[in-house]
file target-v8.txt (compact mmCIF, C-alpha atoms)
# COMPACT_ATOMS: atom_id res chain seq x y z
CA MET A 143 42.84 11.88 16.00
CA ALA A 144 42.04 8.17 15.73
CA TYR A 145 39.29 6.75 17.91
CA GLY A 146 37.84 3.32 18.35
CA GLY A 147 38.50 -0.30 18.93
CA TYR A 148 36.30 -2.10 21.41
CA SER A 149 37.16 0.07 24.42
CA LYS A 150 35.22 2.74 26.29
CA TYR A 151 31.78 1.27 25.54
CA VAL A 152 30.94 0.58 29.20
CA ASP A 153 29.42 3.10 31.59
CA LEU A 154 27.90 1.45 34.64
CA ARG A 155 26.91 4.82 36.09
CA MET A 156 24.98 5.87 33.01
CA ARG A 157 21.46 7.22 33.49
CA VAL A 158 19.32 5.77 30.72
CA GLU A 159 16.44 7.98 29.63
CA PRO A 160 13.67 5.64 28.35
CA GLU A 161 12.55 7.92 25.53
CA LYS A 162 16.06 8.50 24.19
CA TYR A 163 17.42 4.96 24.14
CA LEU A 164 16.45 1.52 22.97
CA THR A 165 17.78 -0.96 25.50
CA ALA A 166 18.61 -4.60 24.86
CA VAL A 167 19.31 -7.44 27.27
CA PHE A 168 21.86 -10.12 26.40
CA TYR A 169 23.27 -13.24 27.95
CA VAL A 170 26.99 -13.35 27.16
CA GLU A 171 29.69 -15.98 27.61
CA PRO A 172 33.11 -14.47 26.84
CA ALA A 173 35.50 -16.33 24.58
CA LYS A 174 38.55 -17.94 26.18
CA GLY A 175 40.98 -15.28 27.31
CA LYS A 176 38.37 -12.51 27.34
CA SER A 177 36.61 -11.02 30.34
CA LEU A 178 32.87 -10.39 30.47
CA VAL A 179 33.55 -6.65 30.34
CA GLN A 180 35.68 -7.02 27.22
CA ALA A 181 33.04 -9.16 25.53
CA ALA A 182 30.30 -6.72 26.51
CA GLU A 183 32.25 -3.78 25.11
CA ALA A 184 32.79 -5.60 21.84
CA VAL A 185 29.06 -6.30 21.52
CA ALA A 186 28.09 -2.68 22.22
CA ALA A 187 30.66 -1.35 19.78
CA GLU A 188 29.95 -3.77 16.94
CA SER A 189 26.18 -3.29 17.19
CA SER A 190 26.39 0.49 17.08
CA ILE A 191 29.27 2.55 15.63
CA GLY A 192 32.46 0.72 16.54
CA THR A 193 34.72 -1.85 14.95
CA TRP A 194 37.84 -3.84 15.83
CA VAL A 195 40.41 -1.12 15.14
CA LYS A 196 40.88 2.58 15.82
CA LEU A 197 39.45 4.75 13.07
CA SER A 198 40.84 7.97 11.64
CA THR A 199 37.34 8.65 10.32
CA MET A 200 35.64 8.58 13.72
CA GLN A 201 34.45 12.04 14.73
CA ASP A 202 33.70 13.36 18.21
CA ARG A 203 30.11 14.24 17.33
CA VAL A 204 29.45 10.68 16.10
CA LEU A 205 31.15 9.08 19.08
CA GLN A 206 29.35 11.19 21.67
CA LYS A 207 25.91 11.05 20.09
CA LEU A 208 25.60 7.55 18.63
CA GLN A 209 27.83 5.33 20.77
CA ALA A 210 26.01 2.45 22.46
CA LYS A 211 26.87 1.89 26.12
CA VAL A 212 26.83 -1.16 28.37
CA PHE A 213 25.11 0.19 31.46
CA GLU A 214 24.63 -2.99 33.47
CA ILE A 215 26.65 -6.20 33.93
CA ASN A 216 26.03 -8.98 36.40
CA ARG A 217 28.00 -12.10 37.30
CA ASN A 218 25.47 -14.39 35.62
CA GLY A 219 26.50 -13.06 32.24
CA ILE A 220 23.52 -10.75 31.77
CA ILE A 221 24.37 -7.40 30.24
CA LYS A 222 22.22 -4.44 29.23
CA ILE A 223 23.10 -2.07 26.41
CA ALA A 224 21.59 1.33 25.68
CA TYR A 225 21.41 2.35 22.03
CA PRO A 226 20.76 5.98 21.08
CA LEU A 227 17.42 6.12 19.28
CA GLU A 228 19.00 8.04 16.39
CA ILE A 229 20.71 4.93 15.06
CA PHE A 230 17.36 3.28 14.31
CA GLU A 231 15.15 3.99 11.31
CA ASN A 232 11.49 4.40 12.17
CA GLY A 233 9.27 1.51 11.11
CA ASN A 234 12.13 -0.65 9.81
CA ALA A 235 12.22 -4.07 11.48
CA PRO A 236 15.09 -5.51 9.40
CA GLN A 237 17.27 -2.53 10.33
CA LEU A 238 16.41 -2.98 14.03
CA LEU A 239 17.64 -6.57 13.88
CA SER A 240 20.70 -5.64 11.85
CA ASP A 241 21.67 -3.38 14.75
CA ILE A 242 20.97 -5.35 17.90
CA ALA A 243 21.21 -8.85 16.37
CA GLY A 244 23.58 -8.40 13.47
CA ASN A 245 27.30 -9.23 13.45
CA ILE A 246 27.46 -9.90 17.17
CA PHE A 247 26.63 -13.62 16.94
CA GLY A 248 29.76 -14.29 14.91
CA MET A 249 32.25 -12.28 16.95
CA LYS A 250 35.35 -14.04 18.26
CA GLU A 251 35.10 -12.13 21.55
CA VAL A 252 32.06 -14.20 22.56
CA GLU A 253 31.69 -17.94 22.99
CA ASN A 254 27.91 -17.66 23.23
CA ILE A 255 25.50 -14.74 23.13
CA ARG A 256 21.72 -14.64 23.32
CA LEU A 257 19.44 -11.66 22.74
CA LEU A 258 16.89 -12.01 25.53
CA ASP A 259 14.74 -8.90 25.25
CA PHE A 260 14.56 -5.28 24.21
CA GLU A 261 12.61 -2.20 25.27
CA ALA A 262 12.03 0.67 22.90
CA PRO A 263 10.81 4.26 23.27
CA LYS A 264 7.12 4.82 22.62
CA LYS A 265 7.68 7.05 19.60
CA TYR A 266 9.81 4.34 17.97
CA VAL A 267 7.37 1.48 18.63
CA GLN A 268 4.50 3.60 17.39
CA SER A 269 6.30 4.20 14.10
CA PHE A 270 5.26 0.62 13.29
CA PRO A 271 1.66 -0.16 12.28
CA GLY A 272 0.93 -2.99 14.71
CA PRO A 273 -2.00 -5.37 14.22
CA ALA A 274 -4.89 -4.18 12.06
CA PHE A 275 -7.43 -6.24 14.02
CA GLY A 276 -5.93 -7.52 17.24
CA VAL A 277 -7.84 -9.59 19.76
CA GLU A 278 -11.08 -7.59 19.67
CA GLY A 279 -11.16 -7.36 15.89
CA ILE A 280 -10.71 -11.10 15.53
CA ARG A 281 -13.38 -11.75 18.13
CA LYS A 282 -15.73 -9.56 16.11
CA ILE A 283 -15.05 -11.61 12.97
CA ALA A 284 -15.47 -14.88 14.89
CA GLY A 285 -18.56 -13.73 16.77
CA THR A 286 -17.10 -14.28 20.24
CA LEU A 287 -17.14 -10.74 21.63
CA LYS A 288 -19.77 -11.60 24.23
CA GLU A 289 -18.71 -15.18 24.86
CA ARG A 290 -15.07 -14.23 25.54
CA ARG A 291 -13.81 -17.79 25.29
CA PRO A 292 -10.61 -19.16 23.78
CA HIS A 293 -10.90 -19.97 20.08
CA ILE A 294 -10.51 -23.54 18.91
CA GLY A 295 -8.52 -24.11 15.75
CA THR A 296 -7.05 -26.89 13.70
CA ILE A 297 -4.48 -27.44 10.99
CA VAL A 298 -5.49 -29.62 8.07
CA LYS A 299 -3.50 -32.84 8.25
CA PRO A 300 -1.55 -34.39 6.66
CA LYS A 301 0.51 -31.26 6.16
CA VAL A 302 0.83 -31.79 2.42
CA GLY A 303 -0.58 -34.28 -0.05
CA LEU A 304 -4.32 -33.66 0.01
CA THR A 305 -6.09 -32.32 -3.08
CA PRO A 306 -8.03 -29.05 -2.73
CA LYS A 307 -11.28 -31.05 -2.63
CA GLU A 308 -9.93 -33.33 0.11
CA ASN A 309 -8.52 -30.38 2.02
CA ALA A 310 -11.88 -28.60 1.93
CA ALA A 311 -13.67 -31.73 3.14
CA VAL A 312 -11.39 -31.97 6.17
CA ALA A 313 -11.87 -28.27 6.94
CA TYR A 314 -15.64 -28.62 6.67
CA GLU A 315 -15.70 -31.50 9.14
CA ALA A 316 -13.59 -29.51 11.58
CA TRP A 317 -15.89 -26.48 11.36
CA MET A 318 -18.98 -28.64 11.74
CA GLY A 319 -17.49 -30.12 14.89
CA GLY A 320 -17.08 -26.68 16.42
CA CYS A 321 -13.71 -25.31 15.31
CA ASP A 322 -13.64 -21.55 14.87
CA PHE A 323 -10.50 -21.54 12.81
CA VAL A 324 -8.81 -23.70 10.19
CA LYS A 325 -5.38 -23.02 8.70
CA ASP A 326 -2.88 -24.37 6.25
CA ASP A 327 0.32 -25.76 7.70
CA GLU A 328 3.67 -24.03 7.38
CA ASN A 329 4.94 -25.92 4.32
CA LEU A 330 1.70 -25.95 2.32
CA THR A 331 1.65 -23.12 -0.21
CA SER A 332 0.97 -23.95 -3.88
CA HIS A 333 1.78 -27.41 -5.23
CA SER A 334 0.96 -29.65 -8.18
CA PHE A 335 -1.38 -31.68 -5.97
CA SER A 336 -2.91 -28.55 -4.36
CA PRO A 337 -2.78 -25.32 -6.39
CA PHE A 338 -3.22 -22.34 -4.09
CA GLU A 339 -6.13 -20.72 -5.93
CA GLU A 340 -8.20 -23.87 -6.21
CA ARG A 341 -7.60 -24.76 -2.56
CA VAL A 342 -8.66 -21.30 -1.38
CA VAL A 343 -11.85 -21.36 -3.44
CA ARG A 344 -12.88 -24.81 -2.24
CA VAL A 345 -12.03 -24.25 1.43
CA LEU A 346 -13.83 -20.89 1.55
CA GLU A 347 -16.86 -22.54 -0.03
CA ALA A 348 -16.69 -25.14 2.74
CA ALA A 349 -16.49 -22.33 5.31
CA ASP A 350 -19.58 -20.65 3.88
CA LYS A 351 -21.45 -23.95 3.97
CA ALA A 352 -20.41 -24.62 7.57
CA GLU A 353 -21.45 -21.10 8.60
CA ALA A 354 -24.87 -21.52 6.99
CA GLU A 355 -25.43 -24.89 8.65
CA THR A 356 -24.12 -24.03 12.12
CA GLY A 357 -24.93 -20.33 12.38
CA ALA A 358 -21.39 -19.76 13.69
CA LYS A 359 -18.70 -17.65 12.04
CA LYS A 360 -15.71 -19.48 10.57
CA MET A 361 -12.19 -18.36 9.71
CA TYR A 362 -9.65 -19.84 7.29
CA ALA A 363 -5.99 -18.84 7.01
CA PRO A 364 -4.42 -19.94 3.71
CA ASN A 365 -0.63 -19.85 3.70
CA ILE A 366 0.49 -17.11 1.30
CA THR A 367 4.21 -17.40 2.16
CA ALA A 368 6.42 -16.76 -0.87
CA SER A 369 8.31 -13.82 -2.36
CA ALA A 370 6.70 -10.45 -1.62
CA ASP A 371 5.15 -10.03 -5.06
CA VAL A 372 3.63 -13.51 -4.99
CA MET A 373 2.40 -13.04 -1.42
CA LEU A 374 0.56 -9.91 -2.50
CA LYS A 375 -1.08 -11.67 -5.45
CA ARG A 376 -2.17 -14.52 -3.21
CA ALA A 377 -3.48 -12.18 -0.53
CA GLU A 378 -5.45 -10.19 -3.09
CA PHE A 379 -6.89 -13.44 -4.43
CA VAL A 380 -8.02 -14.49 -0.94
CA LYS A 381 -9.61 -11.09 -0.46
CA ALA A 382 -11.44 -11.35 -3.78
CA GLN A 383 -12.88 -14.70 -2.71
CA GLY A 384 -14.27 -13.19 0.49
CA GLY A 385 -11.55 -14.45 2.83
CA ASN A 386 -10.98 -12.80 6.19
CA CYS A 387 -7.52 -14.12 7.13
CA ILE A 388 -4.14 -14.97 5.63
CA MET A 389 -1.16 -16.79 7.07
CA VAL A 390 2.52 -15.87 6.76
CA ASP A 391 5.53 -17.83 7.98
CA VAL A 392 7.03 -14.74 9.59
CA ILE A 393 10.59 -16.01 10.03
CA THR A 394 11.10 -17.61 6.64
CA ALA A 395 9.26 -14.84 4.80
CA GLY A 396 11.08 -12.22 6.84
CA PHE A 397 9.81 -9.22 8.75
CA ALA A 398 10.15 -7.08 5.63
CA GLY A 399 7.68 -9.41 3.93
CA VAL A 400 5.29 -9.13 6.85
CA GLN A 401 5.54 -5.35 6.83
CA PHE A 402 4.95 -5.31 3.07
CA ILE A 403 1.71 -7.28 3.37
CA ARG A 404 0.54 -5.36 6.44
CA GLY A 405 1.18 -2.11 4.61
CA ARG A 406 -1.25 -3.03 1.85
CA ASN A 407 -4.17 -2.73 4.34
CA LEU A 408 -6.14 -5.50 2.68
CA GLY A 409 -8.68 -5.83 5.46
CA MET A 410 -7.70 -9.36 6.47
CA CYS A 411 -6.08 -10.41 9.71
CA ILE A 412 -2.55 -11.85 9.57
CA HIS A 413 -1.92 -15.21 11.22
CA ALA A 414 1.79 -15.61 11.96
CA HIS A 415 3.39 -19.04 11.98
CA ARG A 416 6.85 -19.07 13.59
CA ALA A 417 8.40 -21.85 11.49
CA MET A 418 12.21 -21.94 11.88
CA HIS A 419 12.26 -19.84 15.06
CA ALA A 420 13.91 -22.62 17.06
CA ALA A 421 16.93 -22.56 14.76
CA PHE A 422 18.11 -19.52 16.68
CA GLY A 423 15.80 -19.58 19.69
CA ARG A 424 16.04 -23.03 21.24
CA ASN A 425 19.61 -22.85 22.56
CA LYS A 426 19.24 -20.96 25.83
CA ARG A 427 22.87 -19.81 25.66
CA HIS A 428 22.94 -18.51 22.11
CA GLY A 429 20.64 -16.94 19.53
CA ILE A 430 17.47 -14.89 19.85
CA ALA A 431 14.69 -15.51 22.35
CA MET A 432 11.13 -16.04 21.11
CA LYS A 433 10.07 -13.01 23.16
CA VAL A 434 12.09 -10.78 20.85
CA ILE A 435 10.51 -12.36 17.77
CA ALA A 436 7.07 -11.93 19.31
CA LYS A 437 7.56 -8.23 20.03
CA ILE A 438 8.80 -7.50 16.53
CA SER A 439 5.97 -9.54 15.03
CA ARG A 440 3.46 -7.43 16.92
CA MET A 441 5.13 -4.22 15.81
CA CYS A 442 5.11 -5.38 12.18
CA GLY A 443 1.37 -6.04 12.26
CA THR A 444 0.56 -9.69 12.95
CA ASP A 445 -2.83 -10.29 14.58
CA GLN A 446 -2.25 -13.88 15.68
CA LEU A 447 1.09 -15.41 16.64
CA HIS A 448 2.25 -18.89 17.57
CA ILE A 449 3.90 -18.73 20.99
CA GLY A 450 4.12 -22.43 21.94
CA GLY A 451 1.91 -24.87 23.76
CA ILE A 452 3.93 -25.68 26.92
CA VAL A 453 2.39 -29.15 27.22
CA GLY A 454 2.66 -30.16 23.56
CA LYS A 455 5.42 -31.51 21.34
CA MET A 456 7.30 -28.23 20.88
CA GLU A 457 10.01 -26.84 23.16
CA GLY A 458 9.05 -23.85 25.32
CA ASP A 459 8.71 -23.80 29.09
CA GLU A 460 5.74 -22.41 30.99
CA LYS A 461 7.48 -19.29 32.27
CA GLU A 462 8.61 -18.26 28.79
CA VAL A 463 5.26 -18.88 27.11
CA ARG A 464 3.32 -17.09 29.83
CA GLU A 465 5.66 -14.10 29.61
CA ILE A 466 5.26 -13.90 25.82
CA SER A 467 1.49 -14.17 26.08
CA ARG A 468 1.40 -11.30 28.59
CA GLU A 469 3.71 -9.22 26.40
CA MET A 470 1.42 -9.68 23.41
CA ARG A 471 -1.53 -8.30 25.39
CA LYS A 472 0.22 -5.31 26.99
CA LEU A 473 -1.54 -2.02 26.41
CA GLY A 474 0.44 0.43 28.53
CA GLY A 475 3.71 2.25 27.95
CA CYS A 476 5.09 1.94 24.44
CA TRP A 477 2.20 -0.39 23.50
CA ARG A 478 -0.49 2.12 24.46
CA LYS A 479 -1.84 2.68 20.94
CA MET A 480 -1.03 -0.76 19.56
CA LYS A 481 -3.64 -3.50 19.46
CA PRO A 482 -2.92 -6.73 21.37
CA VAL A 483 -2.11 -9.97 19.58
CA PHE A 484 -4.12 -13.18 19.85
CA SER A 485 -1.63 -15.75 21.18
CA VAL A 486 -1.75 -19.13 19.43
CA CYS A 487 -0.95 -22.34 21.31
CA SER A 488 -0.09 -25.24 19.03
CA GLY A 489 2.15 -28.24 18.56
CA GLY A 490 1.10 -31.67 19.79
CA LEU A 491 -2.05 -30.50 21.55
CA SER A 492 -5.28 -32.42 22.09
CA PRO A 493 -8.46 -32.03 24.16
CA LEU A 494 -6.39 -33.14 27.17
CA SER A 495 -4.24 -30.00 26.83
CA ILE A 496 -7.12 -27.55 27.17
CA PRO A 497 -7.67 -27.45 30.97
CA PHE A 498 -4.03 -26.53 31.60
CA LEU A 499 -3.85 -23.97 28.80
CA TYR A 500 -7.09 -22.31 29.88
CA LYS A 501 -5.97 -22.12 33.49
CA THR A 502 -2.46 -20.97 32.61
CA LEU A 503 -3.02 -18.51 29.75
CA GLY A 504 -6.64 -17.43 30.12
CA ARG A 505 -9.32 -16.64 27.57
CA ASP A 506 -7.46 -14.63 24.94
CA ILE A 507 -5.74 -17.56 23.25
CA ILE A 508 -6.29 -19.75 20.22
CA ILE A 509 -5.85 -23.43 20.99
CA GLN A 510 -4.88 -25.29 17.82
CA ALA A 511 -4.72 -29.04 17.47
CA GLY A 512 -3.89 -30.89 14.28
CA GLY A 513 -3.31 -34.50 15.17
CA GLY A 514 -5.32 -33.92 18.34
CA VAL A 515 -8.39 -33.34 16.16
CA HIS A 516 -7.85 -35.54 13.12
CA GLY A 517 -6.38 -38.36 15.20
CA HIS A 518 -9.65 -38.91 17.06
CA PRO A 519 -10.87 -42.52 16.70
CA ASP A 520 -14.08 -41.31 15.06
CA GLY A 521 -12.49 -38.78 12.75
CA THR A 522 -12.15 -35.03 12.36
CA ARG A 523 -15.66 -33.93 13.31
CA ALA A 524 -15.62 -35.98 16.48
CA GLY A 525 -12.15 -34.62 17.26
CA ALA A 526 -13.38 -31.04 16.95
CA ILE A 527 -16.42 -31.82 19.09
CA ALA A 528 -14.12 -33.27 21.75
CA MET A 529 -12.04 -30.07 21.72
CA ARG A 530 -15.13 -27.96 22.34
CA GLN A 531 -16.33 -30.33 25.04
CA ALA A 532 -12.96 -30.08 26.77
CA LEU A 533 -13.17 -26.29 26.60
CA ASP A 534 -16.72 -26.29 27.97
CA ALA A 535 -15.61 -28.50 30.85
CA SER A 536 -12.64 -26.26 31.60
CA MET A 537 -14.72 -23.09 31.62
CA ARG A 538 -17.23 -24.75 33.95
CA GLY A 539 -14.52 -25.98 36.28
CA VAL A 540 -15.35 -29.63 35.67
CA SER A 541 -12.64 -32.26 35.21
CA LEU A 542 -12.36 -33.92 31.80
CA LYS A 543 -12.78 -37.31 33.41
CA GLU A 544 -16.09 -36.26 34.92
CA TYR A 545 -17.32 -34.39 31.84
CA ALA A 546 -16.42 -37.31 29.58
CA LYS A 547 -19.00 -39.50 31.34
CA GLY A 548 -21.77 -37.74 29.47
CA HIS A 549 -19.88 -36.81 26.31
CA GLU A 550 -18.89 -39.67 24.04
CA GLU A 551 -16.46 -37.75 21.83
CA LEU A 552 -14.50 -36.46 24.79
CA ARG A 553 -14.50 -39.89 26.41
CA LYS A 554 -12.89 -41.46 23.35
CA ALA A 555 -10.39 -38.60 23.10
CA VAL A 556 -9.37 -39.08 26.73
CA GLU A 557 -8.92 -42.79 26.12
CA LYS A 558 -6.87 -42.22 22.95
CA PHE A 559 -4.68 -39.29 23.92
CA GLY A 560 -4.46 -40.16 27.61
CA LYS A 561 -2.19 -43.05 26.74
call {"tool": "encode", "arguments": {"input": "target-v8.txt", "output": "structure tokens"}}
result
Amino acid sequence: MAYGGYSKYVDLRMRVEPEKYLTAVFYVEPAKGKSLVQAAEAVAAESSIGTWVKLSTMQDRVLQKLQAKVFEINRNGIIKIAYPLEIFENGNAPQLLSDIAGNIFGMKEVENIRLLDFEAPKKYVQSFPGPAFGVEGIRKIAGTLKERRPHIGTIVKPKVGLTPKENAAVAYEAWMGGCDFVKDDENLTSHSFSPFEERVVRVLEAADKAEAETGAKKMYAPNITASADVMLKRAEFVKAQGGNCIMVDVITAGFAGVQFIRGRNLGMCIHAHRAMHAAFGRNKRHGIAMKVIAKISRMCGTDQLHIGGIVGKMEGDEKEVREISREMRKLGGCWRKMKPVFSVCSGGLSPLSIPFLYKTLGRDIIIQAGGGVHGHPDGTRAGAIAMRQALDASMRGVSLKEYAKGHEELRKAVEKFGK
């Protein structure tokens, strides 16, 4: 008997057992001439076992055991789909996305569709490694376990163009001004003007010098993003030079690349840049929400993840960013044995951004400013000092305007960036 098509994939009376199903939440706009129910059925079928036509090959045991079901639909276009856990391969992030975010975005039955969130059974989530270090491990490296303050970071600017020697000099000034963390930008890897190996050696030497002179621990995240084999060679090189952190552009490198590097257990934390995420995350009616990317990034093993800055130059409203930050720190339920991720706020930030970010997102964040540090009238070191002064003021409950009266670097930053 032939079964199939896009019918019979809705059961609004279904009882979803949390440990047997992965559930996904979508926003759906049906195509012209289609109802929301028809569109929802098509999504459930296409993302599990169905297709557009009845199949002579479909068997009862497959249909009954592996069929996804729409179990909730509301008038605002929000639907929820339950996927039997058996259709997912343990520890395979690409396969997860191929299921719940695969063909569905190109289906004619939908005008727009956006994957908003997913919840997975504990045994599935725990088949992934998660972060090797997490918040507490990074605090141990940075020496802030007792202080429990946000970390201050910067990105060497300009993004590309500096020689390794120039890059190291900028990093050194930032560390001397009080930055805990310095990183490459998303499009700096290995270039004729800045070969990866030379840059890593020089910047790590600058970090050692800054540590010796300040007595404070310093971290550097060189961007290893490339093909998997090259990423491994670069990561191993960083490790051999005494590095404690590497950076991967998680979207452009792919979650398989992240899992590959995490699986090598190199003893370095993974800083995740989200370059390209807005290509499918910015349109609120179509694509994949950043929350989904964040969850998968945590499962794959990133220790630090860019989540947006709310008040900076990048899109991302307060509600969304706060929700992602909370999700990255969850410890209960399916996340019980998985270390929390250090949320990274970046994109057009300056010392003026710190009071809001501290109040809104708390202590377990990394506040990164590129132009907000290097654009200071007195240079990089003064810019980093101003960032730390702004953080000190925020933690003491003092306004920046008041604190700037006795702190020259902050005063000049307020004057420059306040415009």
call {"tool": "closest_residue", "arguments": {"input": "target-v8.txt", "among": "A:Glu355, A:Glu339, A:Glu188, A:Asp520", "to": "Gln383 of chain A", "atoms": "all atoms listed in the file"}}
result
A:Glu339
call {"tool": "residues_around", "arguments": {"input": "target-v8.txt", "residues": "Arg376 of chain A", "least_positions_apart": "5", "cutoff": "9 Å", "atoms": "all atoms listed in the file", "output": "list in words"}}
result
Phe338, Glu339, Asn365, Ile366, Thr367, Asp371 and Lys381 of chain A
call {"tool": "residues_around", "arguments": {"input": "target-v8.txt", "residues": "segment 149-157 of chain A", "least_positions_apart": "4", "cutoff": "7 Å", "atoms": "only C-alpha atoms", "output": "number ranges by chain"}}
result
A: 183, 186-187, 210-214
call {"tool": "residues_around", "arguments": {"input": "target-v8.txt", "residues": "Tyr500 of chain A", "least_positions_apart": "5", "cutoff": "8 Å", "atoms": "all atoms listed in the file", "output": "ChimeraX atom specification"}}
result
/A:292,505,533,536-537
call {"tool": "residues_near_point", "arguments": {"input": "target-v8.txt", "point": "(17.6, 3.0, 25.2)", "cutoff": "7 Å", "atoms": "only C-alpha atoms", "output": "MDAnalysis selection string"}}
result
chainID A and resid 158:160 162:165 224:227 262
call {"tool": "write_last_selection", "arguments": {"input": "target-v8.txt", "atoms": "C-alpha atoms", "output": "PDB file, in the coordinates of the input"}}
result
ATOM      1  CA  VAL A 158      19.320   5.770  30.720  1.00  0.00           C
ATOM      2  CA  GLU A 159      16.440   7.980  29.630  1.00  0.00           C
ATOM      3  CA  PRO A 160      13.670   5.640  28.350  1.00  0.00           C
ATOM      4  CA  LYS A 162      16.060   8.500  24.190  1.00  0.00           C
ATOM      5  CA  TYR A 163      17.420   4.960  24.140  1.00  0.00           C
ATOM      6  CA  LEU A 164      16.450   1.520  22.970  1.00  0.00           C
ATOM      7  CA  THR A 165      17.780  -0.960  25.500  1.00  0.00           C
ATOM      8  CA  ALA A 224      21.590   1.330  25.680  1.00  0.00           C
ATOM      9  CA  TYR A 225      21.410   2.350  22.030  1.00  0.00           C
ATOM     10  CA  PRO A 226      20.760   5.980  21.080  1.00  0.00           C
ATOM     11  CA  LEU A 227      17.420   6.120  19.280  1.00  0.00           C
ATOM     12  CA  ALA A 262      12.030   0.670  22.900  1.00  0.00           C
TER      13      ALA A 262
END
call {"tool": "atom_distance", "arguments": {"input": "target-v8.txt", "atom1": "atom CA of Gln401 of chain A", "atom2": "atom CA of Ile452 of chain A"}}
result
28.6 Å
call {"tool": "residues_around", "arguments": {"input": "target-v8.txt", "residues": "segment 303-306 of chain A", "least_positions_apart": "6", "cutoff": "8 Å", "atoms": "only C-alpha atoms", "output": "PyMOL selection string"}}
result
chain A and resi 335-337+340-342+344-345
call {"tool": "atom_distance", "arguments": {"input": "target-v8.txt", "atom1": "atom CA of Gly396 of chain A", "atom2": "atom CA of Met249 of chain A"}}
result
23.5 Å
call {"tool": "closest_atom_pairs", "arguments": {"input": "target-v8.txt", "of": "segment 387-496 of chain A", "to": "segment 544-555 of chain A", "cutoff": "12 Å", "atoms": "only C-alpha atoms", "output": "CSV"}}
result
residue,atom,partner,partner_atom,distance
A:Leu491,CA,A:Ala555,CA,11.7
A:Ser492,CA,A:Ala555,CA,8.1
A:Pro493,CA,A:Ala555,CA,6.9
A:Leu494,CA,A:Ala555,CA,7.9
A:Ser495,CA,A:Ala555,CA,11.2
A:Ile496,CA,A:Leu552,CA,11.8
call {"tool": "residues_around", "arguments": {"input": "target-v8.txt", "residues": "Tyr169 of chain A", "least_positions_apart": "4", "cutoff": "6 Å", "atoms": "all atoms listed in the file", "output": "PyMOL selection string"}}
result
chain A and resi 219-220+255-256
call {"tool": "atom_distance", "arguments": {"input": "target-v8.txt", "atom1": "atom CA of Gly474 of chain A", "atom2": "atom CA of Lys265 of chain A"}}
result
13.3 Å
call {"tool": "closest_residue", "arguments": {"input": "target-v8.txt", "among": "A:His448, A:Lys301, A:Lys282, A:Lys437", "to": "Cys476 of chain A", "atoms": "all atoms listed in the file"}}
result
A:Lys437
call {"tool": "closest_residue", "arguments": {"input": "target-v8.txt", "among": "A:Ala349, A:Ala316, A:Ile508, A:Ile388", "to": "Arg404 of chain A", "atoms": "all atoms listed in the file"}}
result
A:Ile388
call {"tool": "closest_residue", "arguments": {"input": "target-v8.txt", "among": "A:Lys501, A:Lys558, A:His415, A:Lys264", "to": "Gly489 of chain A", "atoms": "all atoms listed in the file"}}
result
A:His415
call {"tool": "closest_residue", "arguments": {"input": "target-v8.txt", "among": "A:Ile430, A:Ala436, A:Ala511, A:Ala173", "to": "Gly490 of chain A", "atoms": "all atoms listed in the file"}}
result
A:Ala511
